[in-house]
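Trainee: Sharing a structure, written as structure tokens. Questions coming.
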Amino acid sequence: MPRTVDDSLFTADGTALLGSRCDDCGAHTFPRQGGCPRCTGSSMADVALAREGTLWSFTIQGFRPKTPYQGPDEFEPYGVGYVELPGQLIVEARLTENDPDRLEIGMPMRMEMIPFRTDDAGEPVLTFAFTPVGRS
């Protein structure tokens, strides 16, 4: 698997986000946690999160984030949204679309791995983002 911004965020094969599910109350968390924020239980199991969901809310990040941001030197605005993963949770994520006219609350979204930056050796470092389903 290529290098990622944080391997602990992904399943071993890199195809899904890795969250936790409370064995006591069923609450999901992302990123993984050792304790449940809903019932305070400590019986948490790793679970692959759904790769598809719906756009719950969004905005466009129009300025370079403050340090410790390690993105590309040439900043380009990008979409940020909350994506509801059915039966699990709402996750905050980068969006592949940065045109607000092409985004719509409730639209279907799919997680994918995208280049975020290059490391010191010139190799790509990947992160996750959600892309509108059925859009080019």
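Ligands are numbered from 1 in the order shown, residues from 1 within each chain, and chains are lettered A, B, ... in the order they appear in the structure tokens.
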Extract, using only C-alpha atoms, all DNA, RNA and protein residues at most 9 Å from Gly79 of chain A, discarding same-chain residues fewer than 2 positions from it, and format them as a PDB file with N, CA and C atoms, in the first residue's frame.
Mentor:
```
ATOM      1  N   PHE A  58     -21.356  21.101   3.827  1.00  0.00           N
ATOM      2  CA  PHE A  58     -20.046  21.340   3.208  1.00  0.00           C
ATOM      3  C   PHE A  58     -19.702  22.815   3.216  1.00  0.00           C
ATOM      4  N   THR A  59     -18.423  23.077   2.979  1.00  0.00           N
ATOM      5  CA  THR A  59     -17.902  24.420   2.768  1.00  0.00           C
ATOM      6  C   THR A  59     -16.680  24.297   1.872  1.00  0.00           C
ATOM      7  N   ILE A  60     -16.161  25.416   1.417  1.00  0.00           N
ATOM      8  CA  ILE A  60     -14.944  25.423   0.615  1.00  0.00           C
ATOM      9  C   ILE A  60     -13.856  26.113   1.426  1.00  0.00           C
ATOM     10  N   GLN A  61     -12.729  25.418   1.608  1.00  0.00           N
ATOM     11  CA  GLN A  61     -11.562  25.975   2.309  1.00  0.00           C
ATOM     12  C   GLN A  61     -10.828  26.848   1.308  1.00  0.00           C
ATOM     13  N   GLY A  62     -10.972  28.160   1.451  1.00  0.00           N
ATOM     14  CA  GLY A  62     -10.434  29.082   0.461  1.00  0.00           C
ATOM     15  C   GLY A  62      -9.087  29.682   0.806  1.00  0.00           C
ATOM     16  N   PRO A  77      -7.859  25.964  -3.297  1.00  0.00           N
ATOM     17  CA  PRO A  77      -9.048  25.762  -2.462  1.00  0.00           C
ATOM     18  C   PRO A  77      -9.576  24.329  -2.608  1.00  0.00           C
ATOM     19  N   GLY A  81     -16.348  18.594   3.931  1.00  0.00           N
ATOM     20  CA  GLY A  81     -17.742  18.287   4.198  1.00  0.00           C
ATOM     21  C   GLY A  81     -17.925  17.286   5.310  1.00  0.00           C
ATOM     22  N   ALA A  93     -14.563  15.278   6.320  1.00  0.00           N
ATOM     23  CA  ALA A  93     -13.584  14.830   5.340  1.00  0.00           C
ATOM     24  C   ALA A  93     -13.341  15.883   4.272  1.00  0.00           C
ATOM     25  N   ARG A  94     -12.214  15.743   3.646  1.00  0.00           N
ATOM     26  CA  ARG A  94     -11.917  16.532   2.457  1.00  0.00           C
ATOM     27  C   ARG A  94     -12.825  16.041   1.334  1.00  0.00           C
ATOM     28  N   LEU A  95     -13.209  16.933   0.440  1.00  0.00           N
ATOM     29  CA  LEU A  95     -14.005  16.576  -0.729  1.00  0.00           C
ATOM     30  C   LEU A  95     -13.145  16.757  -1.977  1.00  0.00           C
ATOM     31  N   THR A  96     -13.380  15.946  -2.995  1.00  0.00           N
ATOM     32  CA  THR A  96     -12.614  16.094  -4.236  1.00  0.00           C
ATOM     33  C   THR A  96     -13.127  17.255  -5.077  1.00  0.00           C
ATOM     34  N   GLU A  97     -14.332  17.708  -4.790  1.00  0.00           N
ATOM     35  CA  GLU A  97     -14.938  18.815  -5.538  1.00  0.00           C
ATOM     36  C   GLU A  97     -14.772  20.111  -4.751  1.00  0.00           C
ATOM     37  N   ASN A  98     -14.336  21.192  -5.430  1.00  0.00           N
ATOM     38  CA  ASN A  98     -14.202  22.477  -4.735  1.00  0.00           C
ATOM     39  C   ASN A  98     -15.100  23.564  -5.321  1.00  0.00           C
ATOM     40  N   ASP A  99     -16.001  23.187  -6.213  1.00  0.00           N
ATOM     41  CA  ASP A  99     -16.957  24.130  -6.790  1.00  0.00           C
ATOM     42  C   ASP A  99     -18.286  23.968  -6.051  1.00  0.00           C
ATOM     43  N   PRO A 100     -18.691  24.959  -5.253  1.00  0.00           N
ATOM     44  CA  PRO A 100     -19.922  24.803  -4.473  1.00  0.00           C
ATOM     45  C   PRO A 100     -21.164  24.598  -5.342  1.00  0.00           C
TER      46      PRO A 100
END
```
Trainee: Please give the complete set of residues from chain A that DSSP, run on the backbone, assigns to strand (DSSP E), formatted as an MDAnalysis selection string.
Mentor: chainID A and resid 18:22 28:29 44:48 52:61 78:85 89:95 108:118 124:132
Trainee: May I have the selected residues written with C-alpha atoms, as a short mmCIF file (atom, residue, chain, number, x, y, z; two decimals), in the first residue's frame?
Mentor:
```
data_model
loop_
_atom_site.label_atom_id
_atom_site.label_comp_id
_atom_site.auth_asym_id
_atom_site.auth_seq_id
_atom_site.Cartn_x
_atom_site.Cartn_y
_atom_site.Cartn_z
CA LEU A 18 -11.03 2.30 10.19
CA GLY A 19 -13.30 3.28 13.05
CA SER A 20 -14.51 1.76 16.29
CA ARG A 21 -17.86 0.34 17.35
CA CYS A 22 -18.91 0.03 20.97
CA HIS A 28 -19.38 4.23 16.04
CA THR A 29 -16.38 6.57 16.24
CA MET A 44 -14.58 -1.07 21.50
CA ALA A 45 -14.00 -3.13 18.35
CA ASP A 46 -12.25 -2.02 15.17
CA VAL A 47 -14.65 -1.78 12.24
CA ALA A 48 -14.29 -0.82 8.59
CA GLU A 52 -20.38 5.40 0.56
CA GLY A 53 -22.68 7.91 2.19
CA THR A 54 -24.48 11.20 1.63
CA LEU A 55 -23.24 14.75 1.86
CA TRP A 56 -24.65 16.21 5.08
CA SER A 57 -23.02 19.67 4.93
CA PHE A 58 -20.05 21.34 3.21
CA THR A 59 -17.90 24.42 2.77
CA ILE A 60 -14.94 25.42 0.61
CA GLN A 61 -11.56 25.98 2.31
CA TYR A 78 -10.69 22.45 -1.56
CA GLY A 79 -14.05 21.23 -0.37
CA VAL A 80 -14.59 20.07 3.20
CA GLY A 81 -17.74 18.29 4.20
CA TYR A 82 -19.58 16.11 6.63
CA VAL A 83 -20.54 12.80 5.03
CA GLU A 84 -23.15 10.61 6.69
CA LEU A 85 -22.18 6.94 6.56
CA LEU A 89 -21.75 8.13 11.90
CA ILE A 90 -21.07 11.44 10.21
CA VAL A 91 -17.41 11.92 9.31
CA GLU A 92 -15.65 15.18 8.49
CA ALA A 93 -13.58 14.83 5.34
CA ARG A 94 -11.92 16.53 2.46
CA LEU A 95 -14.00 16.58 -0.73
CA PRO A 108 -24.31 10.44 -2.79
CA MET A 109 -20.57 10.37 -2.01
CA ARG A 110 -17.86 7.70 -2.16
CA MET A 111 -14.54 7.57 -0.29
CA GLU A 112 -11.37 7.38 -2.34
CA MET A 113 -7.67 7.79 -1.73
CA ILE A 114 -6.11 10.90 -3.30
CA PRO A 115 -2.62 12.42 -3.37
CA PHE A 116 -2.14 14.97 -0.58
CA ARG A 117 1.54 15.90 -0.88
CA THR A 118 4.91 14.41 -1.75
CA PRO A 124 3.13 10.66 -3.04
CA VAL A 125 1.48 10.66 0.37
CA LEU A 126 -2.21 9.77 0.15
CA THR A 127 -5.19 10.88 2.19
CA PHE A 128 -8.88 10.10 2.02
CA ALA A 129 -11.52 12.27 0.43
CA PHE A 130 -15.12 11.86 -0.63
CA THR A 131 -16.13 12.36 -4.24
CA PRO A 132 -19.61 12.85 -5.64
#
```
Trainee: Given only C-alpha atoms as the basis, pick out the residue of A:Gly106, A:Pro86, A:Gly71, A:Gly41 nearest to Gly26 of chain A.
Mentor: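 Answer, going by the shortest atom-to-atom distance: A:Gly41.
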Trainee: What separation in Å, quoted to one decimal, exists between atom CA of Asp120 of chain A and atom CA of Asp6 of chain A?
Mentor: 16.2 Å
